[in-house]
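Visitor: I'm passing along structure23.cif; it holds mmCIF, C-alpha atoms.
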```cif
data_input
#
loop_
_atom_site.label_atom_id
_atom_site.label_comp_id
_atom_site.auth_asym_id
_atom_site.auth_seq_id
_atom_site.Cartn_x
_atom_site.Cartn_y
_atom_site.Cartn_z
CA MET A 5 4.00 164.70 122.39
CA SER A 6 7.02 162.80 123.58
CA VAL A 7 10.29 164.68 123.54
CA LYS A 8 12.23 161.47 124.04
CA ALA A 9 14.61 160.80 121.17
CA ARG A 10 13.13 158.19 118.89
CA LEU A 11 15.04 155.83 116.70
CA ILE A 12 14.81 156.40 112.97
CA PRO A 13 13.35 153.43 111.09
CA SER A 14 15.84 151.57 108.91
CA GLY A 15 15.93 152.64 105.27
CA SER A 16 14.05 150.64 102.67
CA GLN A 17 15.78 149.03 99.69
CA THR A 18 14.25 147.44 96.62
CA VAL A 19 13.08 143.85 96.77
CA GLY A 20 15.01 143.35 93.49
CA PRO A 21 14.33 140.74 90.82
CA PHE A 22 15.27 137.64 92.83
CA PHE A 23 12.86 137.90 95.76
CA ARG A 24 11.18 134.59 95.08
CA ILE A 25 14.23 132.84 96.54
CA GLY A 26 13.37 134.12 99.99
CA LEU A 27 9.74 135.20 99.75
CA GLN A 28 8.08 132.39 97.79
CA PRO A 29 7.74 129.98 100.75
CA LEU A 30 5.12 132.20 102.38
CA VAL A 31 3.16 132.12 99.12
CA ASP A 32 3.38 128.34 98.81
CA GLU A 33 2.67 127.57 102.45
CA ALA A 34 -0.33 129.83 102.91
CA PRO A 35 -3.30 127.71 103.92
CA ALA A 36 -6.10 127.50 101.38
CA CYS A 37 -8.88 129.92 102.18
CA ASP A 38 -11.28 127.99 104.40
CA ALA A 39 -14.23 130.30 103.94
CA ASP A 40 -17.39 128.99 102.29
CA ALA A 41 -17.51 129.57 98.56
CA THR A 42 -20.03 132.37 99.06
CA ASP A 43 -17.69 134.06 101.51
CA ARG A 44 -14.59 133.77 99.38
CA ILE A 45 -13.40 136.28 96.79
CA THR A 46 -10.79 136.16 94.09
CA ILE A 47 -9.07 139.30 92.89
CA ARG A 48 -7.10 139.05 89.71
CA GLY A 49 -5.36 141.73 87.75
CA ARG A 50 -2.14 142.98 86.27
CA VAL A 51 0.68 145.20 87.42
CA LEU A 52 1.65 147.66 84.68
CA ASP A 53 4.34 150.31 84.35
CA ARG A 54 4.35 153.77 82.72
CA ASP A 55 4.32 152.24 79.23
CA SER A 56 1.54 149.78 80.10
CA ALA A 57 4.22 147.09 79.99
CA PRO A 58 3.55 144.19 82.34
CA VAL A 59 5.66 144.06 85.49
CA PRO A 60 6.71 140.41 85.73
CA ASP A 61 8.53 140.76 89.01
CA ALA A 62 6.11 142.45 91.38
CA LEU A 63 5.15 141.13 94.78
CA LEU A 64 1.79 142.02 96.28
CA GLU A 65 0.69 141.59 99.88
CA PHE A 66 -2.95 141.89 100.95
CA TRP A 67 -3.99 142.67 104.50
CA SER A 68 -7.53 142.29 105.77
CA ALA A 69 -8.01 143.95 109.14
CA ASP A 70 -11.51 142.62 109.82
CA ARG A 71 -9.93 139.61 111.56
CA ASP A 72 -7.30 140.03 114.23
CA GLY A 73 -4.34 138.75 112.23
CA ALA A 74 -3.33 136.17 114.79
CA ALA A 75 -1.29 133.20 113.72
CA ASP A 76 -3.22 129.99 113.05
CA GLN A 77 -2.15 126.58 114.31
CA ASP A 78 0.53 126.39 111.64
CA GLY A 79 1.90 129.80 112.50
CA PHE A 80 0.39 131.54 109.50
CA ALA A 81 -1.24 134.94 109.91
CA GLU A 82 -4.95 135.09 109.22
CA GLY A 83 -6.12 137.79 106.87
CA PHE A 84 -2.80 137.98 105.05
CA GLN A 85 -1.93 136.79 101.55
CA ARG A 86 1.18 137.30 99.45
CA THR A 87 1.30 136.75 95.71
CA ALA A 88 3.70 137.54 92.88
CA THR A 89 3.07 138.43 89.24
CA ASP A 90 3.79 136.03 86.40
CA LEU A 91 5.73 136.83 83.21
CA ASP A 92 2.71 138.72 81.82
CA GLY A 93 2.29 140.78 84.96
CA ASN A 94 -0.78 138.83 86.10
CA PHE A 95 -1.60 138.09 89.69
CA SER A 96 -4.46 136.39 91.46
CA VAL A 97 -5.33 136.15 95.12
CA THR A 98 -8.16 134.36 96.93
CA MET A 99 -9.23 135.49 100.38
CA ARG A 100 -12.13 135.54 102.75
CA ARG A 101 -14.44 138.36 101.69
CA PRO A 102 -13.51 141.28 103.94
CA ALA A 103 -16.16 142.57 106.29
CA PRO A 104 -16.61 146.25 107.15
CA VAL A 105 -13.80 147.45 109.43
CA ALA A 106 -14.57 149.45 112.56
CA LEU A 107 -13.72 153.12 112.48
CA GLY A 108 -14.73 154.02 116.03
CA ASP A 109 -17.80 155.56 117.67
CA GLY A 110 -19.99 153.01 115.95
CA ALA A 111 -18.85 154.06 112.49
CA TRP A 112 -17.48 151.66 109.87
CA GLN A 113 -15.23 151.61 106.85
CA ALA A 114 -16.40 149.93 103.67
CA PRO A 115 -14.97 146.44 103.13
CA HIS A 116 -11.43 146.78 101.81
CA LEU A 117 -7.95 145.30 101.79
CA LEU A 118 -4.69 147.15 102.35
CA VAL A 119 -2.22 146.32 99.59
CA LEU A 120 1.57 146.55 99.63
CA VAL A 121 3.34 146.59 96.26
CA PHE A 122 6.99 145.61 95.96
CA ALA A 123 9.01 145.37 92.74
CA ARG A 124 12.39 145.80 91.18
CA GLY A 125 12.49 149.54 90.52
CA LEU A 126 10.60 150.41 93.69
CA MET A 127 13.09 151.47 96.33
CA ARG A 128 10.32 151.54 98.90
CA HIS A 129 7.09 149.60 98.73
CA LEU A 130 3.86 151.31 97.77
CA ILE A 131 0.73 151.27 99.91
CA SER A 132 -2.71 151.14 98.34
CA ARG A 133 -6.20 149.88 99.18
CA VAL A 134 -8.69 147.89 97.20
CA TYR A 135 -12.45 148.32 97.58
CA PHE A 136 -15.26 146.40 95.91
CA ASP A 137 -17.57 147.55 93.17
CA GLY A 138 -21.20 147.73 94.21
CA GLU A 139 -20.69 148.21 97.95
CA SER A 140 -22.99 150.99 99.04
CA ALA A 141 -20.68 151.80 101.96
CA ASN A 142 -18.01 152.96 99.48
CA ALA A 143 -19.85 156.26 99.11
CA SER A 144 -19.25 157.19 102.74
CA ASP A 145 -15.85 155.55 103.32
CA VAL A 146 -13.52 157.98 105.08
CA VAL A 147 -10.43 156.93 103.13
CA LEU A 148 -12.12 156.96 99.72
CA LEU A 149 -13.57 160.39 100.46
CA GLY A 150 -10.02 161.64 101.07
CA VAL A 151 -9.00 160.60 97.55
CA PRO A 152 -9.62 163.03 94.65
CA ALA A 153 -12.97 161.95 93.15
CA ALA A 154 -11.56 161.33 89.70
CA ARG A 155 -9.02 158.87 91.06
CA ARG A 156 -11.27 156.84 93.39
CA CYS A 157 -12.02 154.34 90.64
CA THR A 158 -8.38 153.18 90.76
CA LEU A 159 -9.07 151.75 94.22
CA THR A 160 -12.20 149.87 93.25
CA ALA A 161 -12.06 146.28 92.00
CA LEU A 162 -14.61 145.60 89.27
CA ARG A 163 -16.96 142.67 89.65
CA GLU A 164 -16.47 139.99 87.01
CA ALA A 165 -18.66 137.33 88.57
CA GLU A 166 -20.40 136.88 91.90
CA ASN A 167 -17.18 136.45 93.89
CA SER A 168 -14.60 137.40 91.33
CA PHE A 169 -13.09 140.84 90.93
CA CYS A 170 -10.61 142.50 88.62
CA TRP A 171 -8.16 145.15 89.84
CA ASP A 172 -5.07 146.41 88.03
CA VAL A 173 -2.15 148.18 89.66
CA ILE A 174 -0.85 150.94 87.41
CA LEU A 175 2.44 152.21 88.75
CA GLN A 176 2.62 155.40 86.69
CA GLY A 177 0.65 157.39 84.12
CA GLU A 178 -2.76 158.92 83.51
CA GLN A 179 -4.58 155.99 85.11
CA GLU A 180 -2.07 155.69 87.93
CA THR A 181 -3.37 153.81 90.94
CA VAL A 182 -3.73 155.85 94.11
CA PHE A 183 -0.87 155.21 96.51
CA PHE A 184 -0.75 156.58 100.03
CA ALA A 185 1.94 158.61 101.80
CA TRP A 186 3.71 156.86 104.65
CA MET B 243 -17.23 163.38 113.36
CA ILE B 244 -14.50 160.93 114.28
CA GLU B 245 -11.07 162.48 114.68
CA LEU B 246 -8.41 160.42 112.93
CA SER B 247 -4.74 161.24 112.75
CA ASN B 248 -2.97 160.67 109.47
CA VAL B 249 -0.34 158.05 108.83
CA GLU B 250 3.01 159.62 109.67
CA THR B 251 5.47 160.10 106.87
CA ALA B 252 9.17 159.34 107.15
CA VAL B 253 11.76 161.82 108.42
CA PRO B 254 12.97 163.52 105.21
CA GLY B 255 16.12 161.97 103.77
CA THR B 256 15.93 158.77 105.77
CA GLN B 257 14.00 156.81 103.14
CA PRO B 258 14.57 156.64 99.38
CA GLU B 259 12.39 158.59 96.97
CA TYR B 260 10.35 156.46 94.58
CA HIS B 261 11.65 158.33 91.54
CA PHE B 262 15.44 158.04 91.58
CA PRO B 263 16.78 158.21 87.98
CA PRO B 264 20.28 156.87 88.77
CA TYR B 265 18.42 153.62 89.47
CA VAL B 266 17.08 153.20 85.95
CA SER B 267 14.33 150.71 86.82
CA SER B 268 12.67 153.34 89.02
CA ILE B 269 11.95 155.64 86.07
CA ALA B 270 8.99 153.77 84.54
CA ARG B 271 7.83 152.08 87.73
CA SER B 272 7.54 154.89 90.26
CA PRO B 273 4.36 156.90 90.79
CA ARG B 274 4.32 160.53 89.67
CA MET B 275 1.00 161.63 91.03
CA PRO B 276 0.90 163.00 94.56
CA LEU B 277 0.75 160.36 97.26
CA VAL B 278 -2.56 160.64 99.09
CA VAL B 279 -2.77 161.25 102.82
CA LEU B 280 -4.06 158.16 104.61
CA PRO B 281 -5.99 158.40 107.88
CA GLU B 282 -4.70 155.89 110.39
CA THR B 283 -7.49 153.40 111.01
CA LEU B 284 -7.66 149.91 112.45
CA THR B 285 -6.45 148.63 109.08
CA GLU B 286 -3.17 150.51 109.42
CA ARG B 287 -2.77 149.89 113.15
CA THR B 288 -3.00 146.11 112.89
CA GLY B 289 -1.04 143.56 110.90
CA PRO B 290 -0.31 139.90 110.33
CA ARG B 291 1.38 137.86 113.02
CA PHE B 292 3.28 134.67 112.45
CA GLY B 293 3.79 131.87 114.95
CA PRO B 294 6.75 129.67 115.82
CA ARG B 295 5.36 126.72 113.88
CA LEU B 296 5.95 128.52 110.62
CA VAL B 297 9.70 128.39 111.10
CA ARG B 298 11.49 125.08 111.34
CA ASN B 299 14.66 124.31 113.21
CA GLY B 300 17.61 125.16 111.01
CA ASP B 301 15.73 127.61 108.78
CA ASN B 302 18.17 130.27 109.98
CA ASP B 303 21.19 128.23 108.83
CA LEU B 304 21.71 128.83 105.12
CA THR B 305 24.75 126.55 105.10
CA ALA B 306 22.67 123.49 106.06
CA HIS B 307 20.06 121.48 104.16
CA HIS B 308 22.45 120.20 101.48
CA SER B 309 24.74 117.20 101.20
CA GLY B 310 27.90 119.26 101.55
CA GLU B 311 29.24 122.56 102.80
CA PRO B 312 28.75 125.57 100.54
CA ILE B 313 31.82 127.28 99.09
CA GLY B 314 32.74 130.64 100.57
CA GLU B 315 33.40 132.56 103.74
CA ARG B 316 31.16 131.21 106.50
CA ILE B 317 29.67 134.01 108.64
CA PHE B 318 27.14 134.69 111.35
CA VAL B 319 24.77 137.62 110.85
CA HIS B 320 22.89 138.68 113.96
CA GLY B 321 21.28 141.62 115.67
CA ARG B 322 18.15 143.01 117.22
CA VAL B 323 14.92 144.28 115.78
CA LEU B 324 13.71 147.37 117.65
CA ASP B 325 10.78 149.72 117.35
CA GLU B 326 11.06 153.51 117.26
CA ASP B 327 11.09 153.62 121.06
CA ALA B 328 14.04 151.20 121.12
CA ARG B 329 11.88 148.40 122.45
CA PRO B 330 12.46 144.89 121.12
CA VAL B 331 10.09 143.65 118.43
CA ARG B 332 9.31 140.12 119.50
CA GLY B 333 8.25 137.36 117.17
CA ALA B 334 9.09 139.40 114.09
CA LEU B 335 9.29 137.21 110.99
CA ILE B 336 12.55 137.81 109.11
CA GLU B 337 13.04 136.33 105.64
CA VAL B 338 16.45 136.64 103.94
CA TRP B 339 17.80 135.81 100.50
CA GLN B 340 21.15 136.35 98.84
CA ALA B 341 23.63 135.47 96.12
CA ASN B 342 26.24 132.79 96.71
CA ALA B 343 29.94 133.45 97.28
CA ALA B 344 30.48 133.83 93.53
CA GLY B 345 27.76 136.50 93.24
CA ARG B 346 25.15 134.24 91.64
CA TYR B 347 21.53 133.84 92.69
CA ARG B 348 19.74 130.54 92.40
CA HIS B 349 17.03 132.12 90.23
CA LYS B 350 16.21 131.56 86.58
CA VAL B 351 16.39 135.28 85.79
CA ASP B 352 19.99 135.57 87.00
CA ALA B 353 22.16 135.29 83.89
CA HIS B 354 25.46 136.21 85.52
CA ASP B 355 28.21 133.90 84.28
CA ALA B 356 29.31 132.70 87.70
CA PRO B 357 28.87 129.20 89.11
CA LEU B 358 25.89 128.05 91.10
CA ASP B 359 26.79 126.21 94.28
CA PRO B 360 24.93 122.90 94.62
CA ASN B 361 25.19 123.29 98.39
CA PHE B 362 23.72 126.77 98.64
CA ALA B 363 20.13 127.89 97.97
CA GLY B 364 20.50 131.32 99.55
CA ALA B 365 17.25 131.55 101.54
CA GLY B 366 16.52 131.56 105.26
CA ARG B 367 14.04 132.78 107.81
CA THR B 368 13.58 133.14 111.53
CA LEU B 369 11.45 134.77 114.23
CA THR B 370 12.99 137.20 116.69
CA ASP B 371 13.05 136.09 120.32
CA GLU B 372 11.86 137.85 123.49
CA ASP B 373 14.67 140.40 123.20
CA GLY B 374 14.03 141.06 119.52
CA TYR B 375 17.19 139.09 118.78
CA TYR B 376 17.83 137.03 115.64
CA TRP B 377 20.73 135.25 114.02
CA PHE B 378 21.59 133.54 110.75
CA LYS B 379 24.50 131.40 109.68
CA THR B 380 25.38 131.84 106.05
CA ILE B 381 28.09 132.46 103.44
CA LYS B 382 29.29 135.96 102.65
CA PRO B 383 27.67 136.82 99.32
CA GLY B 384 29.81 138.00 96.40
CA PRO B 385 29.34 141.23 94.45
CA TYR B 386 27.82 140.84 90.98
CA PRO B 387 27.34 142.84 87.78
CA TRP B 388 23.95 144.21 86.76
CA GLY B 389 22.60 146.11 83.79
CA ASN B 390 21.85 149.49 85.35
CA HIS B 391 24.75 151.31 83.65
CA HIS B 392 28.11 150.49 82.09
CA ASN B 393 30.19 148.30 84.38
CA ALA B 394 27.65 148.43 87.19
CA TRP B 395 28.33 146.10 90.13
CA ARG B 396 26.24 145.60 93.22
CA PRO B 397 28.13 145.68 96.52
CA ALA B 398 27.81 142.49 98.54
CA HIS B 399 24.45 142.44 100.31
CA ILE B 400 21.83 140.24 101.94
CA HIS B 401 18.14 140.99 101.34
CA PHE B 402 16.00 141.27 104.48
CA SER B 403 12.21 141.25 104.73
CA LEU B 404 10.56 141.95 108.09
CA PHE B 405 7.09 142.06 109.63
CA GLY B 406 6.73 144.15 112.78
CA ALA B 407 3.89 145.08 115.11
CA GLY B 408 1.58 146.39 112.40
CA ILE B 409 1.33 146.42 108.63
CA LEU B 410 2.98 149.88 108.54
CA SER B 411 6.07 148.34 110.20
CA ARG B 412 6.64 146.21 107.11
CA LEU B 413 10.21 146.62 105.82
CA VAL B 414 12.20 145.19 102.93
CA THR B 415 15.81 146.27 102.92
CA GLN B 416 19.36 145.12 102.22
CA MET B 417 22.25 144.60 104.61
CA TYR B 418 25.69 145.61 103.42
CA PHE B 419 29.19 144.76 104.65
CA PRO B 420 31.70 147.21 106.15
CA GLY B 421 34.48 148.55 103.95
CA ASP B 422 32.96 147.52 100.63
CA PRO B 423 34.46 149.87 97.99
CA LEU B 424 31.43 149.33 95.72
CA GLN B 425 29.03 151.09 98.10
CA PRO B 426 29.83 154.67 96.97
CA LEU B 427 29.21 153.59 93.37
CA ASP B 428 25.88 151.84 93.91
CA PRO B 429 22.68 153.74 93.05
CA ILE B 430 20.52 151.44 95.16
CA PHE B 431 22.59 152.00 98.30
CA ASN B 432 22.84 155.72 97.55
CA SER B 433 19.10 156.15 97.00
CA ILE B 434 18.88 156.98 100.71
CA PRO B 435 19.89 160.66 100.82
CA ASP B 436 20.86 160.91 104.47
CA GLU B 437 24.35 159.53 105.02
CA ALA B 438 23.73 158.41 108.60
CA ALA B 439 20.57 156.57 107.53
CA ARG B 440 22.45 154.98 104.65
CA MET B 441 25.29 153.82 106.87
CA ARG B 442 22.81 152.14 109.22
CA LEU B 443 22.34 149.57 106.47
CA VAL B 444 26.01 148.62 106.75
CA SER B 445 26.66 145.85 109.26
CA SER B 446 29.65 145.89 111.61
CA LEU B 447 32.28 143.24 112.12
CA ASP B 448 31.59 141.66 115.52
CA MET B 449 34.56 139.79 116.94
CA LYS B 450 32.63 139.01 120.13
CA ARG B 451 30.22 136.79 118.23
CA ALA B 452 32.86 135.47 115.80
CA GLN B 453 33.68 131.84 116.52
CA PRO B 454 37.43 131.15 116.63
CA ASP B 455 38.68 128.82 113.89
CA TYR B 456 35.16 128.70 112.43
CA ALA B 457 33.37 131.86 111.32
CA LEU B 458 33.44 135.66 111.46
CA ALA B 459 30.32 137.54 112.55
CA TYR B 460 28.54 140.73 111.49
CA ILE B 461 26.01 142.59 113.57
CA PHE B 462 23.02 144.28 111.96
CA ASP B 463 20.35 145.97 114.08
CA ILE B 464 17.10 146.96 112.41
CA VAL B 465 14.56 149.59 113.44
CA LEU B 466 10.94 149.14 112.38
CA ARG B 467 8.34 151.88 112.23
CA GLY B 468 5.86 152.21 115.00
CA ARG B 469 5.62 151.07 118.56
CA SER B 470 5.12 147.56 119.78
CA ASP B 471 2.44 148.60 122.26
CA THR B 472 0.14 145.76 121.41
CA PRO B 473 0.87 142.16 122.26
CA PHE B 474 2.46 140.72 119.20
CA GLU B 475 4.55 137.68 119.88
CA GLU B 476 1.90 135.13 120.77
CA ASN B 477 -1.43 133.95 119.63
CA HIS B 478 -3.59 135.54 122.33
CA ARG B 479 -6.94 134.13 121.44
#
```
Show the structure stored in the file as structure tokens.

Guide:
Amino acid sequence: MSVKARLIPSGSQTVGPFFRIGLQPLVDEAPACDADATDRITIRGRVLDRDSAPVPDALLEFWSADRDGAADQDGFAEGFQRTATDLDGNFSVTMRRPAPVALGDGAWQAPHLLVLVFARGLMRHLISRVYFDGESANASDVVLLGVPAARRCTLTALREAENSFCWDVILQGEQETVFFAW
Amino acid sequence: MIELSNVETAVPGTQPEYHFPPYVSSIARSPRMPLVVLPETLTERTGPRFGPRLVRNGDNDLTAHHSGEPIGERIFVHGRVLDEDARPVRGALIEVWQANAAGRYRHKVDAHDAPLDPNFAGAGRTLTDEDGYYWFKTIKPGPYPWGNHHNAWRPAHIHFSLFGAGILSRLVTQMYFPGDPLQPLDPIFNSIPDEAARMRLVSSLDMKRAQPDYALAYIFDIVLRGRSDTPFEENHR
């Protein structure tokens, strides 16, 4: 590998409780999902702490890598959505249903979204993934298979209706959501 | 079998730990179970890109957009966004937010008994240029009390949010000011164990960029994870 000195990435600091001042515009300005109703999914859920108390000041960002992420005509990135929790810790996001994502050599990952979780109390954001209940490809997904079997369910959104899923983010405790090292 | 490398983890000490009891809010909100190793796939190697039309002229001037001038010390904040190989990150979206000169945020949750400024909202954004360069014009934010412990005060800071070449480059941080005596007392600032890494969040006074008879300037360079190998700045489709 390279022996050239590399710069150290800048340190992370918490998003704090007042992030809506600067980060809300990207929520408000996101174009409505233009996918057909059958191709559109809604994920709703709650962000909860150790005591199952709602986290009313969490910010979630969803990244879908099945598109190329390029900016649209208004400068907004495709495949990206940001949302924040309400006073009861609830969030909701509507996106184009993710397609399988290439893994290489003709192999595929199950449809999924990468999720970033920011909140007061988190000095550095958390990285998770959300998969979808009932997808047969989940059983052979390389990332899910790397997660202890008993915890895989924390990465799977449950189907509530045809295109509606429920997925909670539990920051700490027995049912803690799987977060990845980075 | 496809060989995948794992997502790299940070150099020890250069990033805060999730569980940092001096910052009380971290206690019930930080994971305790082991973080799981994540193979680096297309999902991790790609990320959202934002175009120039998202940002309007003047979005990087926090002193504008109101009928009058905000109260406080007018400053420029500028610098470069670089990747780990010291290459400029072009077209990086930067969003900033901050308290006003009195240490008060324009946010309903902020109960600090200090005046709001009708001429200051405290939000701005910009995209870096071809050299990874950015600048903002703003007001130096004031320190403010918070409930973490008895007589806790945050040092003056500006919140920064950045998108780089891929989703793993994502960074939310805070920029501090040189010589602030509150920094050694602040658990958030001190959550980064490595002193050199911590001090890289402190901007420097920059008299070259300061505008005589108008405004001082502070320089704040930011390093994002990863390498900007892939075209990033433009819509290439």

Visitor: With all atoms listed in the file as the counted atoms, please give the residues lying no more than 7 Å from Glu286 (chain B), apart from itself and same-chain residues fewer than 6 positions off, as an MDAnalysis selection string.

Guide: chainID B and resid 408:410

Visitor: Got time to write the residues from that selection, C-alpha atoms, as a compact mmCIF listing (two decimals), in the frame of the given file?

Guide:
```
# COMPACT_ATOMS: atom_id res chain seq x y z
CA GLY B 408 1.58 146.39 112.40
CA ILE B 409 1.33 146.42 108.63
CA LEU B 410 2.98 149.88 108.54
```

Visitor: Which value, in Å to one decimal, gives the distance between CA of Ala62 (chain A) and CA of Gly93 (chain A)?

Guide: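 That distance, rounded to one decimal, is 7.7 Å.
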
Visitor: Using the chain letters and numbering of this document, enumerate as a VMD selection string the residues selected by the PyMOL selection byres ((chain A and resi 15) around 7).

Guide: (chain A and resid 13 to 14 16 to 17) or (chain B and resid 256 to 257 415 434 439 to 440)

Visitor: Work out how far CA of Val297 (chain B) is from CA of Phe80 (chain A), in Å to one decimal.

Guide: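 Between CA of Phe80 (chain A) and CA of Val297 (chain B) the gap works out to 10.0 Å.
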
Visitor: Name every residue that the PyMOL selection byres ((chain B and resi 385) around 12) selects in this structure, writing the answer as a ChimeraX atom specification with chains first and numbers rising.

Guide: /B:340-347,354,356,382-384,386-388,394-400,418-419,422-425,428

Visitor: Which residue gives the smallest distance to Pro360 (chain B) among B:Ala407, B:Ile313, B:Ile461, B:Val266, with all atoms listed in the file counted?

Guide: B:Ile313

Visitor: Got a sec to resolve the PyMOL selection byres ((chain B and resi 323) around 9) on this structure and send the residues as a list in words?

Guide: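 Selected by the PyMOL selection byres ((chain B and resi 323) around 9) in this file: Gly321, Arg322, Leu324, Asp325, Ala328, Arg329, Pro330, Val331, Arg332, Ala334, Thr370, Asp373, Gly374, Tyr375, Tyr376, Gly406, Phe462, Asp463, Ile464, Val465 and Leu466 of chain B.
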
Visitor: Using all atoms listed in the file, which residue out of A:Arg71, A:Arg163, A:Arg50, A:Arg44 lies closest to Ser96 (chain A)?

Guide: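 Among the listed residues, the smallest separation from Ser96 (chain A) belongs to A:Arg50.
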
Visitor: Work out how far CA of Val19 (chain A) is from CA of His307 (chain B), in Å to one decimal.

Guide: 24.6 Å
